[in-house]
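Text of input_8.tsv, listed as TSV, C-alpha atoms and all ligand atoms:
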```tsv
chain	number	residue	atom	x	y	z
A	1	MET	CA	0.00	0.00	0.00
A	2	SER	CA	1.20	3.54	-0.66
A	3	THR	CA	2.28	6.03	1.98
A	4	HIS	CA	-0.91	8.08	1.52
A	5	ALA	CA	-3.67	7.89	4.11
A	6	LYS	CA	-6.33	7.34	1.46
A	7	ARG	CA	-6.48	5.64	-1.88
A	8	ILE	CA	-9.17	7.10	-4.10
A	9	PHE	CA	-10.78	5.42	-7.08
A	10	SER	CA	-13.52	6.76	-9.32
A	11	GLY	CA	-14.59	6.66	-12.94
A	12	ILE	CA	-16.83	8.27	-15.52
A	13	GLN	CA	-18.37	6.62	-18.58
A	14	PRO	CA	-17.30	7.94	-21.99
A	15	THR	CA	-20.84	8.40	-23.26
A	16	ASN	CA	-22.33	11.54	-24.87
A	17	GLY	CA	-19.98	14.16	-23.38
A	18	LEU	CA	-20.04	15.42	-19.79
A	19	THR	CA	-22.96	17.24	-18.20
A	20	LEU	CA	-22.79	19.89	-15.52
A	21	GLY	CA	-24.05	17.11	-13.20
A	22	ASN	CA	-21.02	14.92	-13.93
A	23	TYR	CA	-18.78	17.96	-13.54
A	24	LEU	CA	-20.13	19.18	-10.19
A	25	GLY	CA	-20.96	15.76	-8.69
A	26	ALA	CA	-17.74	14.07	-9.78
A	27	MET	CA	-15.06	15.80	-11.86
A	28	LYS	CA	-14.73	19.04	-9.84
A	29	ARG	CA	-14.55	16.94	-6.66
A	30	PHE	CA	-11.84	14.72	-8.19
A	31	VAL	CA	-9.69	17.80	-8.77
A	32	GLU	CA	-10.23	19.00	-5.19
A	33	ILE	CA	-9.26	15.55	-3.86
A	34	GLN	CA	-6.08	15.55	-5.95
A	35	GLU	CA	-4.95	18.50	-3.82
A	36	GLN	CA	-5.37	16.47	-0.59
A	37	ASP	CA	-3.22	13.76	0.97
A	38	ALA	CA	-4.56	10.98	-1.19
A	39	GLU	CA	-3.37	8.71	-3.97
A	40	ALA	CA	-5.98	9.22	-6.67
A	41	ILE	CA	-6.80	6.81	-9.49
A	42	TYR	CA	-9.28	8.11	-12.08
A	43	CYS	CA	-10.68	6.01	-14.87
A	44	VAL	CA	-12.46	6.41	-18.18
A	45	VAL	CA	-14.80	3.44	-17.73
A	46	ASP	CA	-15.17	2.35	-21.34
A	47	LEU	CA	-16.16	-1.24	-20.40
A	48	HIS	CA	-19.20	0.24	-18.65
A	49	ALA	CA	-20.01	2.39	-21.69
A	50	ILE	CA	-20.71	-0.69	-23.84
A	51	THR	CA	-23.46	-1.90	-21.52
A	52	GLN	CA	-25.58	0.19	-23.90
A	53	PRO	CA	-25.07	0.24	-27.68
A	54	GLN	CA	-22.18	2.47	-28.80
A	55	LYS	CA	-21.00	3.30	-32.29
A	56	ARG	CA	-17.29	2.48	-32.68
A	57	SER	CA	-16.41	6.01	-33.82
A	58	ASP	CA	-18.41	7.58	-30.95
A	59	LEU	CA	-16.74	5.39	-28.34
A	60	LEU	CA	-13.28	6.28	-29.61
A	61	HIS	CA	-14.14	9.97	-29.74
A	62	ASN	CA	-15.86	10.01	-26.33
A	63	THR	CA	-12.97	8.13	-24.68
A	64	ARG	CA	-10.50	10.77	-25.88
A	65	GLU	CA	-12.86	13.67	-25.17
A	66	LEU	CA	-13.54	12.52	-21.61
A	67	THR	CA	-9.78	12.17	-21.04
A	68	ALA	CA	-9.38	15.71	-22.41
A	69	ALA	CA	-12.11	16.84	-19.97
A	70	TYR	CA	-10.25	15.28	-17.02
A	71	LEU	CA	-7.07	17.09	-18.06
A	72	ALA	CA	-8.86	20.37	-18.84
A	73	SER	CA	-10.63	20.30	-15.46
A	74	GLY	CA	-7.29	20.05	-13.65
A	75	ILE	CA	-6.44	16.35	-13.26
A	76	ASP	CA	-2.65	16.21	-13.50
A	77	PRO	CA	-1.50	12.82	-14.84
A	78	SER	CA	1.82	13.14	-13.04
A	79	ARG	CA	0.00	13.32	-9.68
A	80	SER	CA	-3.09	11.19	-10.28
A	81	ILE	CA	-3.27	7.98	-12.29
A	82	LEU	CA	-5.52	8.57	-15.31
A	83	PHE	CA	-6.33	5.63	-17.60
A	84	ASN	CA	-9.01	3.82	-19.56
A	85	GLN	CA	-10.58	0.73	-18.01
A	86	SER	CA	-10.14	-1.57	-21.03
A	87	GLY	CA	-6.39	-0.80	-20.88
A	88	VAL	CA	-6.11	-2.87	-17.68
A	89	ALA	CA	-7.50	-6.37	-18.34
A	90	GLU	CA	-7.52	-7.13	-14.60
A	91	HIS	CA	-10.79	-5.15	-14.28
A	92	ALA	CA	-12.67	-7.64	-16.45
A	93	GLU	CA	-11.03	-10.62	-14.72
A	94	LEU	CA	-11.92	-9.47	-11.21
A	95	GLY	CA	-15.36	-8.39	-12.49
A	96	TRP	CA	-16.11	-12.02	-13.39
A	97	ILE	CA	-14.91	-13.33	-10.03
A	98	LEU	CA	-16.95	-10.76	-8.08
A	99	GLY	CA	-19.97	-11.49	-10.30
A	100	CYS	CA	-19.76	-14.95	-8.78
A	101	THR	CA	-19.72	-13.43	-5.26
A	102	ALA	CA	-22.61	-10.99	-5.81
A	103	ARG	CA	-26.15	-12.36	-5.47
A	104	VAL	CA	-28.92	-11.98	-8.04
A	105	GLY	CA	-31.19	-10.64	-5.30
A	106	TRP	CA	-28.71	-7.81	-4.66
A	107	MET	CA	-28.65	-6.87	-8.36
A	108	ASN	CA	-32.46	-6.91	-8.47
A	109	ARG	CA	-32.51	-4.08	-5.95
A	110	MET	CA	-30.34	-1.70	-8.03
A	111	THR	CA	-32.53	1.30	-8.83
A	112	GLN	CA	-30.26	2.54	-11.63
A	113	PHE	CA	-30.86	-0.67	-13.60
A	114	LYS	CA	-34.60	-0.18	-13.21
A	115	ASP	CA	-34.30	3.45	-14.35
A	116	LYS	CA	-32.07	2.68	-17.33
A	117	ALA	CA	-33.86	-0.50	-18.45
A	118	GLY	CA	-37.32	1.00	-17.94
A	119	LYS	CA	-40.07	-1.14	-19.48
A	120	ASN	CA	-37.49	-2.81	-21.70
A	121	ALA	CA	-35.76	-4.93	-19.04
A	122	GLU	CA	-35.90	-8.18	-21.05
A	123	ALA	CA	-34.17	-6.63	-24.05
A	124	VAL	CA	-31.28	-4.69	-22.48
A	125	SER	CA	-27.81	-6.23	-22.26
A	126	LEU	CA	-26.81	-8.64	-19.53
A	127	GLY	CA	-23.88	-6.25	-18.95
A	128	LEU	CA	-26.24	-3.43	-17.94
A	129	TYR	CA	-27.67	-5.74	-15.27
A	130	SER	CA	-24.35	-7.06	-13.96
A	131	TYR	CA	-22.48	-3.73	-14.27
A	132	PRO	CA	-22.39	-3.11	-10.48
A	133	ALA	CA	-20.19	-6.24	-10.03
A	134	LEU	CA	-17.71	-4.77	-12.52
A	135	MET	CA	-17.90	-1.44	-10.69
A	136	ALA	CA	-17.07	-3.29	-7.45
A	137	ALA	CA	-14.08	-4.84	-9.22
A	138	ASP	CA	-12.92	-1.39	-10.43
A	139	ILE	CA	-12.78	-0.17	-6.84
A	140	LEU	CA	-11.55	-3.30	-5.05
A	141	LEU	CA	-8.84	-4.07	-7.63
A	142	TYR	CA	-6.89	-1.13	-6.17
A	143	HIS	CA	-7.83	-1.72	-2.52
A	144	ALA	CA	-9.34	1.77	-2.74
A	145	THR	CA	-10.44	3.23	0.58
A	146	HIS	CA	-12.65	6.08	-0.69
A	147	VAL	CA	-14.87	6.52	-3.73
A	148	PRO	CA	-15.98	10.04	-4.68
A	149	VAL	CA	-19.26	9.81	-6.62
A	150	GLY	CA	-22.48	11.67	-7.19
A	151	ASP	CA	-25.46	10.73	-5.05
A	152	ASP	CA	-26.91	8.47	-7.79
A	153	GLN	CA	-23.99	6.05	-7.36
A	154	LYS	CA	-24.35	5.65	-3.60
A	155	GLN	CA	-26.26	2.37	-3.92
A	156	HIS	CA	-23.53	0.90	-6.13
A	157	VAL	CA	-20.81	1.78	-3.62
A	158	GLU	CA	-22.91	0.19	-0.88
A	159	LEU	CA	-23.17	-2.93	-3.02
A	160	THR	CA	-19.38	-2.87	-3.46
A	161	ARG	CA	-19.06	-2.91	0.33
A	162	ASP	CA	-21.39	-5.92	0.54
A	163	ILE	CA	-19.44	-7.75	-2.16
A	164	ALA	CA	-16.11	-7.02	-0.42
A	165	MET	CA	-17.45	-8.30	2.93
A	166	LYS	CA	-18.94	-11.44	1.38
A	167	PHE	CA	-15.73	-12.22	-0.53
A	168	ASN	CA	-13.61	-11.74	2.61
A	169	ASN	CA	-16.00	-13.96	4.53
A	170	ASP	CA	-16.58	-16.69	1.90
A	171	PHE	CA	-12.85	-17.21	1.37
A	172	ASP	CA	-11.84	-16.71	4.97
A	173	ALA	CA	-9.70	-13.83	3.72
A	174	LYS	CA	-10.18	-11.64	6.83
A	175	ASP	CA	-9.86	-8.02	5.68
A	176	PHE	CA	-8.26	-8.70	2.29
A	177	PHE	CA	-10.55	-6.24	0.54
A	178	PRO	CA	-10.81	-2.98	2.53
A	179	ILE	CA	-14.42	-1.83	2.86
A	180	PRO	CA	-14.52	1.39	0.81
A	181	GLU	CA	-16.34	4.55	1.88
A	182	PRO	CA	-18.40	6.62	-0.55
A	183	LEU	CA	-17.43	10.31	-0.62
A	184	ILE	CA	-20.58	12.22	-1.53
A	185	ASP	CA	-19.82	15.84	-0.71
A	186	GLY	CA	-20.28	19.36	-1.93
A	187	PRO	CA	-23.42	21.45	-2.42
A	188	ALA	CA	-24.50	19.61	-5.61
A	189	PRO	CA	-24.17	15.84	-5.14
A	190	ARG	CA	-27.28	15.36	-7.34
A	191	VAL	CA	-27.80	17.99	-10.01
A	192	MET	CA	-31.35	17.75	-11.34
A	193	SER	CA	-32.74	18.17	-14.87
A	194	LEU	CA	-33.39	21.78	-15.90
A	195	ARG	CA	-36.77	20.72	-17.30
A	196	ASP	CA	-37.96	18.40	-14.53
A	197	ALA	CA	-36.35	18.92	-11.13
A	198	SER	CA	-37.57	15.53	-9.89
A	199	LYS	CA	-35.21	13.76	-12.37
A	200	LYS	CA	-31.41	13.79	-12.26
A	201	MET	CA	-29.54	15.69	-14.97
A	202	SER	CA	-28.25	12.98	-17.30
A	203	LYS	CA	-26.19	12.64	-20.47
A	204	SER	CA	-28.73	10.24	-21.91
A	205	ASP	CA	-31.87	12.36	-21.36
A	206	PRO	CA	-33.43	12.70	-24.83
A	207	SER	CA	-33.92	16.46	-24.25
A	208	ASP	CA	-30.74	18.51	-24.63
A	209	GLN	CA	-32.61	21.36	-22.88
A	210	SER	CA	-32.65	19.24	-19.69
A	211	ARG	CA	-28.91	19.59	-19.19
A	212	ILE	CA	-25.92	21.85	-19.54
A	213	ASN	CA	-23.15	20.11	-21.43
A	214	ILE	CA	-19.64	20.99	-20.37
A	215	ARG	CA	-18.89	22.03	-23.99
A	216	ASP	CA	-22.01	24.21	-24.49
A	217	ASP	CA	-21.14	27.76	-25.56
A	218	ALA	CA	-22.13	30.81	-23.52
A	219	ASP	CA	-25.24	31.59	-25.65
A	220	THR	CA	-26.56	28.05	-25.29
A	221	ILE	CA	-25.97	28.10	-21.53
A	222	VAL	CA	-27.77	31.43	-21.16
A	223	LYS	CA	-30.76	30.16	-23.19
A	224	LYS	CA	-30.98	26.87	-21.29
A	225	ILE	CA	-30.88	28.57	-17.88
A	226	LYS	CA	-33.41	31.19	-18.98
A	227	LYS	CA	-35.81	28.38	-19.97
A	228	ALA	CA	-35.05	26.22	-16.90
A	229	THR	CA	-38.07	25.35	-14.76
A	230	SER	CA	-38.36	27.63	-11.73
A	231	ASP	CA	-41.28	29.15	-9.83
A	232	ALA	CA	-42.86	32.54	-9.32
A	233	GLU	CA	-41.65	33.13	-5.74
A	234	PRO	CA	-38.57	35.15	-4.80
A	235	LEU	CA	-35.67	33.14	-3.38
A	236	PRO	CA	-35.86	32.58	0.37
A	237	SER	CA	-33.16	33.90	2.71
A	238	GLU	CA	-32.79	30.58	4.56
A	239	GLU	CA	-32.19	27.05	3.23
A	240	ASP	CA	-35.35	25.80	4.94
A	241	GLY	CA	-37.37	27.86	2.48
A	242	LEU	CA	-36.11	25.65	-0.40
A	243	LYS	CA	-37.53	22.47	1.11
A	244	ASP	CA	-40.56	22.10	-1.17
A	245	ARG	CA	-39.12	24.05	-4.10
A	246	LEU	CA	-37.18	21.42	-6.06
A	247	ALA	CA	-36.39	23.57	-9.09
A	248	ALA	CA	-35.30	26.57	-7.01
A	249	LYS	CA	-33.16	24.32	-4.81
A	250	ASN	CA	-31.50	22.83	-7.89
A	251	LEU	CA	-30.55	26.22	-9.35
A	252	VAL	CA	-29.26	27.48	-6.00
A	253	SER	CA	-27.21	24.27	-5.53
A	254	ILE	CA	-25.68	24.66	-8.99
A	255	TYR	CA	-24.73	28.26	-8.22
A	256	ALA	CA	-23.19	27.28	-4.88
A	257	ALA	CA	-21.16	24.41	-6.37
A	258	LEU	CA	-19.86	26.55	-9.25
A	259	ALA	CA	-18.96	29.45	-6.96
A	260	GLY	CA	-17.40	27.16	-4.33
A	261	VAL	CA	-19.67	28.49	-1.57
A	262	SER	CA	-22.54	27.03	0.47
A	263	LYS	CA	-26.25	27.26	-0.40
A	264	ALA	CA	-26.65	29.46	2.69
A	265	ASP	CA	-24.09	31.91	1.21
A	266	VAL	CA	-26.02	32.04	-2.07
A	267	LEU	CA	-29.28	32.72	-0.24
A	268	ALA	CA	-27.62	35.38	1.90
A	269	GLU	CA	-26.76	37.15	-1.36
A	270	PHE	CA	-29.92	36.52	-3.42
A	271	GLY	CA	-32.66	35.99	-0.77
A	272	GLY	CA	-35.69	38.13	-1.65
A	273	GLN	CA	-34.72	38.37	-5.34
A	274	GLY	CA	-36.73	36.70	-8.10
A	275	PHE	CA	-35.48	34.42	-10.88
A	276	GLY	CA	-35.40	37.41	-13.25
A	277	VAL	CA	-32.35	38.55	-11.29
A	278	PHE	CA	-30.92	35.19	-10.23
A	279	LYS	CA	-31.01	33.31	-13.54
A	280	PRO	CA	-28.82	35.77	-15.51
A	281	LYS	CA	-26.26	35.72	-12.66
A	282	LEU	CA	-26.29	31.92	-12.65
A	283	ALA	CA	-25.96	31.80	-16.44
A	284	GLU	CA	-22.99	34.17	-16.33
A	285	LEU	CA	-21.28	32.13	-13.62
A	286	ALA	CA	-21.87	28.83	-15.46
A	287	ALA	CA	-20.66	30.23	-18.79
A	288	ASP	CA	-17.56	31.80	-17.20
A	289	SER	CA	-16.74	28.59	-15.30
A	290	LEU	CA	-17.13	26.25	-18.27
A	291	ALA	CA	-15.60	28.38	-21.06
A	292	PRO	CA	-11.94	27.84	-20.06
A	293	ILE	CA	-12.55	24.09	-19.65
A	294	SER	CA	-14.19	23.93	-23.07
A	295	THR	CA	-11.30	25.77	-24.68
A	296	LYS	CA	-8.75	23.46	-23.08
A	297	ILE	CA	-10.71	20.35	-24.11
A	298	ALA	CA	-10.57	21.57	-27.72
A	299	GLU	CA	-6.80	22.10	-27.42
A	300	TYR	CA	-6.20	18.62	-26.00
A	301	MET	CA	-8.43	17.13	-28.72
A	302	ASP	CA	-6.11	18.63	-31.35
A	303	ASP	CA	-3.49	16.09	-30.28
A	304	PRO	CA	-5.21	12.69	-29.89
A	305	ALA	CA	-1.86	10.84	-29.96
A	306	GLU	CA	-0.83	12.67	-26.77
A	307	ILE	CA	-4.14	11.71	-25.11
A	308	ASP	CA	-3.55	8.07	-26.06
A	309	ARG	CA	-0.01	8.28	-24.67
A	310	ILE	CA	-1.28	9.68	-21.35
A	311	LEU	CA	-3.85	6.87	-21.08
A	312	GLN	CA	-1.31	4.17	-21.89
A	313	ASP	CA	1.11	5.53	-19.34
A	314	GLY	CA	-1.70	5.67	-16.77
A	315	ALA	CA	-2.76	2.11	-17.62
A	316	ALA	CA	0.78	0.83	-17.01
A	317	ARG	CA	0.86	2.54	-13.60
A	318	ALA	CA	-2.63	1.29	-12.74
A	319	ARG	CA	-1.65	-2.25	-13.72
A	320	SER	CA	1.39	-2.15	-11.44
A	321	ILE	CA	-1.04	-1.75	-8.51
A	322	ALA	CA	-3.80	-4.03	-9.83
A	323	ALA	CA	-1.78	-7.04	-10.99
A	324	PRO	CA	-0.31	-8.04	-7.57
A	325	ILE	CA	-3.75	-7.65	-5.97
A	326	LEU	CA	-5.33	-9.90	-8.61
A	327	ASP	CA	-2.46	-12.40	-8.11
A	328	GLN	CA	-3.52	-12.59	-4.46
A	329	VAL	CA	-7.19	-13.01	-5.45
A	330	TYR	CA	-6.21	-15.99	-7.63
A	331	ASP	CA	-4.39	-17.53	-4.71
A	332	ILE	CA	-7.28	-16.87	-2.30
A	333	VAL	CA	-9.86	-18.37	-4.70
A	334	GLY	CA	-7.72	-21.41	-5.57
A	335	PHE	CA	-6.78	-20.69	-9.18
A	336	LEU	CA	-3.30	-21.65	-10.38
A	337	PRO	CA	-0.89	-18.66	-10.39
A	338	ARG	CA	-1.45	-16.08	-13.15
A	339	ARG	CA	0.90	-16.12	-16.12
A	340	LYS	CA	3.52	-13.34	-15.69
B	401	LIG	N1	-26.93	14.73	-12.12
B	401	LIG	C1	-25.82	14.42	-11.45
B	401	LIG	N2	-25.48	15.12	-10.35
B	401	LIG	C2	-24.33	14.82	-9.65
B	401	LIG	N3	-23.49	13.83	-10.02
B	401	LIG	C3	-23.80	13.11	-11.13
B	401	LIG	N4	-23.18	12.09	-11.75
B	401	LIG	C4	-23.90	11.72	-12.83
B	401	LIG	N5	-24.99	12.49	-12.95
B	401	LIG	C5	-24.96	13.37	-11.89
B	401	LIG	C6	-21.92	11.50	-11.30
B	401	LIG	O1	-21.01	11.53	-12.39
B	401	LIG	C7	-20.14	10.40	-12.29
B	401	LIG	C8	-20.05	9.71	-13.60
B	401	LIG	O2	-21.28	9.18	-14.00
B	401	LIG	P1	-21.33	8.15	-15.21
B	401	LIG	O3	-21.03	8.82	-16.49
B	401	LIG	O4	-20.44	7.02	-14.94
B	401	LIG	O5	-22.78	7.58	-15.26
B	401	LIG	P2	-24.13	8.07	-14.73
B	401	LIG	O6	-24.11	8.18	-13.25
B	401	LIG	O7	-25.13	7.13	-15.30
B	401	LIG	O8	-24.24	9.52	-15.36
B	401	LIG	P3	-25.23	10.05	-16.44
B	401	LIG	O9	-24.85	11.44	-16.78
B	401	LIG	O10	-26.63	9.83	-16.01
B	401	LIG	O11	-24.91	9.14	-17.68
B	401	LIG	P4	-25.86	8.28	-18.56
B	401	LIG	O12	-27.00	9.19	-18.95
B	401	LIG	O13	-24.98	7.87	-19.73
B	401	LIG	O14	-26.29	7.14	-17.74
B	401	LIG	C9	-20.69	9.52	-11.16
B	401	LIG	O15	-19.93	9.76	-9.99
B	401	LIG	C10	-22.08	10.02	-10.98
B	401	LIG	O16	-22.55	9.84	-9.65
```

Here is a file; write its structure as structure tokens.
Amino acid sequence: MSTHAKRIFSGIQPTNGLTLGNYLGAMKRFVEIQEQDAEAIYCVVDLHAITQPQKRSDLLHNTRELTAAYLASGIDPSRSILFNQSGVAEHAELGWILGCTARVGWMNRMTQFKDKAGKNAEAVSLGLYSYPALMAADILLYHATHVPVGDDQKQHVELTRDIAMKFNNDFDAKDFFPIPEPLIDGPAPRVMSLRDASKKMSKSDPSDQSRINIRDDADTIVKKIKKATSDAEPLPSEEDGLKDRLAAKNLVSIYAALAGVSKADVLAEFGGQGFGVFKPKLAELAADSLAPISTKIAEYMDDPAEIDRILQDGAARARSIAAPILDQVYDIVGFLPRRK
């Protein structure tokens, strides 16, 4: 184990470009964590992306663009390990083994599968159903201690904990897999849709108006925020006043997360003002925060060979941690030693 107090693992799927939800719930937090006393491992989870149909050219593009977004947001590949999941075959190997530890009843309780499969559950891929076992493997393969995620992934991290405990118990392996903690912090752990504040903002929502994409230009951001669902009341001065106002709470949370302040701070500034005042301020803040990231993503995308080099280098470093842990798993399970 490294000399750091914590080992962090998290990942993002290379599907459809990043939303403001992914940025505030995950990416911005990853950058903050990089500044702390932690060894951070960040992944472009391309194996997860193919749980739903992907065009070859889109997957290649989205893998590079998400890597560019990590770099543009401030992930420094000399301090954090940044790699693509398919570049380290140990993920798939441990995913199979942990799929044999996880129980079907546990998978049946995963709300994200129900949301994503909808009425079509018989026709979606088996991978979409078993994906949480692969996610457990992603985390446990590095003996990660902490997993920064948005609120929607909390149930999957809890499942990872259950899988780790069952594996340790079934194989009499004491505390071989550490039991990882979810890190769900910040003022916007669940950014909601701009059109329906009861639904999370998502890359795969059919309506582009429901989300802000990290690469949207300033005009688009201003238009989307102007049209975002709100209500006719002025903003309250205290957080309690947001309790039954989902859309207002969402917009205030987004402002707070972008500005790096608390919701209470935002309300201290805008309490008593209507959305006619607040929305333009929010739009300006969002556009100003995302524009430099967008510009840097475009610059990184001009040199795809360099992106591929960074991922390959990251994969080699990730494998140097993962391979000895998987060697031990083989021994614990009773497989013959892995070929070197
Ligand atoms: N709306 C959100 N608010 C806060 N955090 C969010 N995350 C996702 N949506 C929000 C966090 O972003 C990280 C990466 O998510 P992912 O791409 O692996 O998959 P997801 O959770 O399924 O995200 P999407 O945007 O909804 O993608 P699609 O539409 O492709 O399924 C995770 O930490 C997640 O919590």

Distance filter 7 Å around ligand LIG 401 (chain B), atoms: all atoms listed in the file, out as a PyMOL selection string: chain A and resi 11-16+18-19+21-26+148-153+188-192+200-205

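Counting all atoms listed in the file and comparing A:Ala173, A:Val147, A:Ile50, A:Leu242, the residue that lies closest to A:Asp185 is A:Val147.
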
Point-to-point distance in Å for atom CA of A:Glu93 and atom CA of A:Lys55: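 Between atom CA of A:Lys55 and atom CA of A:Glu93 the gap is 24.5 Å.
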
For A:Ser80: contacts at 7 Å, all atoms listed in the file, fewer than 2 positions along chain excluded, given as a PyMOL selection string: chain A and resi 34+39-41+75-78+82

Limited to C-alpha atoms, could you put the picked residues into a file as a compact mmCIF listing (two decimals), in the coordinates of the input?
```
# COMPACT_ATOMS: atom_id res chain seq x y z
CA GLN A 34 -6.08 15.55 -5.95
CA GLU A 39 -3.37 8.71 -3.97
CA ALA A 40 -5.98 9.22 -6.67
CA ILE A 41 -6.80 6.81 -9.49
CA ILE A 75 -6.44 16.35 -13.26
CA ASP A 76 -2.65 16.21 -13.50
CA PRO A 77 -1.50 12.82 -14.84
CA SER A 78 1.82 13.14 -13.04
CA LEU A 82 -5.52 8.57 -15.31
```

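Excluding A:Arg338 and any residue on its chain fewer than 2 positions from it, the residues at most 9 Å away by only C-alpha atoms are Leu326, Asp327, Tyr330, Phe335, Leu336 and Lys340 of chain A.
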
Given only C-alpha atoms as the counted atoms, nearest of A:Ser262, A:Ile254, A:Met27, A:Glu299 to A:Leu285: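 Of the candidates, the smallest distance to A:Leu285 is held by A:Ile254.
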
Residue nearest A:Gln52 among A:Gly105, A:Pro182, A:Pro324, A:Gly127 (counting only C-alpha atoms): A:Gly127

Two-atom distance - atom CA of A:Asp172, atom CA of A:Val104 (Å):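 Separation between atom CA of A:Asp172 and atom CA of A:Val104: 22.0 Å.
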
Surrounding residues of stretch 157-165 of chain A excluding itself and chain neighbours under 5 positions, 9 Å, only C-alpha atoms, as a ChimeraX atom specification: /A:98-99,101-103,106-107,110,132-133,135-137,139-140,147,149,170,174-182

Atom pair atom CA of A:Phe83 / atom CA of A:Ala315: separation (Å):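 We find that atom CA of A:Phe83 and atom CA of A:Ala315 lie 5.0 Å from each other.
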
Which of A:Gly334, A:Gly17, A:Pro53, A:Pro187 sits closest to A:Val261 [using all atoms listed in the file]: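 Checking each of A:Gly334, A:Gly17, A:Pro53, A:Pro187 against A:Val261, counting all atoms listed in the file, the winner is A:Pro187.
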
Residues of stretch 154-242 of chain A at most 9 Å from stretch 266-270 of chain A: nearest atom pair and distance in Å, only C-alpha atoms, as a tab-separated table:
```
residue	atom	partner	partner_atom	distance
A:Pro234	CA	A:Phe270	CA	8.9
A:Leu235	CA	A:Phe270	CA	6.7
A:Pro236	CA	A:Leu267	CA	6.6
A:Ser237	CA	A:Leu267	CA	5.0
A:Glu238	CA	A:Leu267	CA	6.3
A:Glu239	CA	A:Leu267	CA	7.3
```

Point (-17.1, 25.0, -24.3) neighbourhood (12 Å, all atoms listed in the file) written as a PyMOL selection string: chain A and resi 17-20+69+72-73+212-221+286-299

Nearest residue to A:Lys223 from the set A:His156, A:Arg64, A:Lys279, A:Lys199 (distances using all atoms listed in the file):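 Of A:His156, A:Arg64, A:Lys279, A:Lys199, the one nearest A:Lys223, counting all atoms listed in the file, is A:Lys279.
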
From A:Arg319, A:Lys119, A:Lys114, A:Arg7, residue lying nearest A:Ala144 [all atoms listed in the file]: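 Of A:Arg319, A:Lys119, A:Lys114, A:Arg7, the one nearest A:Ala144 is A:Arg7, counting all atoms listed in the file.
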
Your completed stretch 85-98 of chain A with N, CA and C atoms, as an mmCIF file, in the coordinates of the input:
```
data_model
loop_
_atom_site.group_PDB
_atom_site.id
_atom_site.type_symbol
_atom_site.label_atom_id
_atom_site.label_comp_id
_atom_site.auth_asym_id
_atom_site.auth_seq_id
_atom_site.Cartn_x
_atom_site.Cartn_y
_atom_site.Cartn_z
ATOM 1 N N GLN A 85 -10.324 2.017 -18.672
ATOM 2 C CA GLN A 85 -10.580 0.730 -18.010
ATOM 3 C C GLN A 85 -10.169 -0.469 -18.885
ATOM 4 N N SER A 86 -10.459 -0.416 -20.178
ATOM 5 C CA SER A 86 -10.140 -1.570 -21.030
ATOM 6 C C SER A 86 -8.629 -1.724 -21.197
ATOM 7 N N GLY A 87 -7.854 -0.715 -20.800
ATOM 8 C CA GLY A 87 -6.390 -0.800 -20.880
ATOM 9 C C GLY A 87 -5.787 -1.636 -19.766
ATOM 10 N N VAL A 88 -6.607 -2.032 -18.781
ATOM 11 C CA VAL A 88 -6.110 -2.870 -17.680
ATOM 12 C C VAL A 88 -7.052 -4.082 -17.583
ATOM 13 N N ALA A 89 -6.619 -5.196 -18.190
ATOM 14 C CA ALA A 89 -7.500 -6.370 -18.340
ATOM 15 C C ALA A 89 -7.931 -6.939 -16.996
ATOM 16 N N GLU A 90 -7.189 -6.613 -15.934
ATOM 17 C CA GLU A 90 -7.520 -7.130 -14.600
ATOM 18 C C GLU A 90 -8.919 -6.710 -14.145
ATOM 19 N N HIS A 91 -9.425 -5.572 -14.665
ATOM 20 C CA HIS A 91 -10.790 -5.150 -14.280
ATOM 21 C C HIS A 91 -11.810 -6.224 -14.688
ATOM 22 N N ALA A 92 -11.695 -6.666 -15.951
ATOM 23 C CA ALA A 92 -12.670 -7.640 -16.450
ATOM 24 C C ALA A 92 -12.521 -8.976 -15.712
ATOM 25 N N GLU A 93 -11.262 -9.346 -15.417
ATOM 26 C CA GLU A 93 -11.030 -10.620 -14.720
ATOM 27 C C GLU A 93 -11.644 -10.603 -13.319
ATOM 28 N N LEU A 94 -11.365 -9.522 -12.575
ATOM 29 C CA LEU A 94 -11.920 -9.470 -11.210
ATOM 30 C C LEU A 94 -13.444 -9.275 -11.282
ATOM 31 N N GLY A 95 -13.911 -8.576 -12.320
ATOM 32 C CA GLY A 95 -15.360 -8.390 -12.490
ATOM 33 C C GLY A 95 -16.073 -9.726 -12.566
ATOM 34 N N TRP A 96 -15.484 -10.694 -13.289
ATOM 35 C CA TRP A 96 -16.110 -12.020 -13.390
ATOM 36 C C TRP A 96 -16.150 -12.698 -12.010
ATOM 37 N N ILE A 97 -15.003 -12.641 -11.325
ATOM 38 C CA ILE A 97 -14.910 -13.330 -10.030
ATOM 39 C C ILE A 97 -15.927 -12.732 -9.051
ATOM 40 N N LEU A 98 -16.020 -11.388 -9.028
ATOM 41 C CA LEU A 98 -16.950 -10.760 -8.080
ATOM 42 C C LEU A 98 -18.413 -10.936 -8.530
#
```
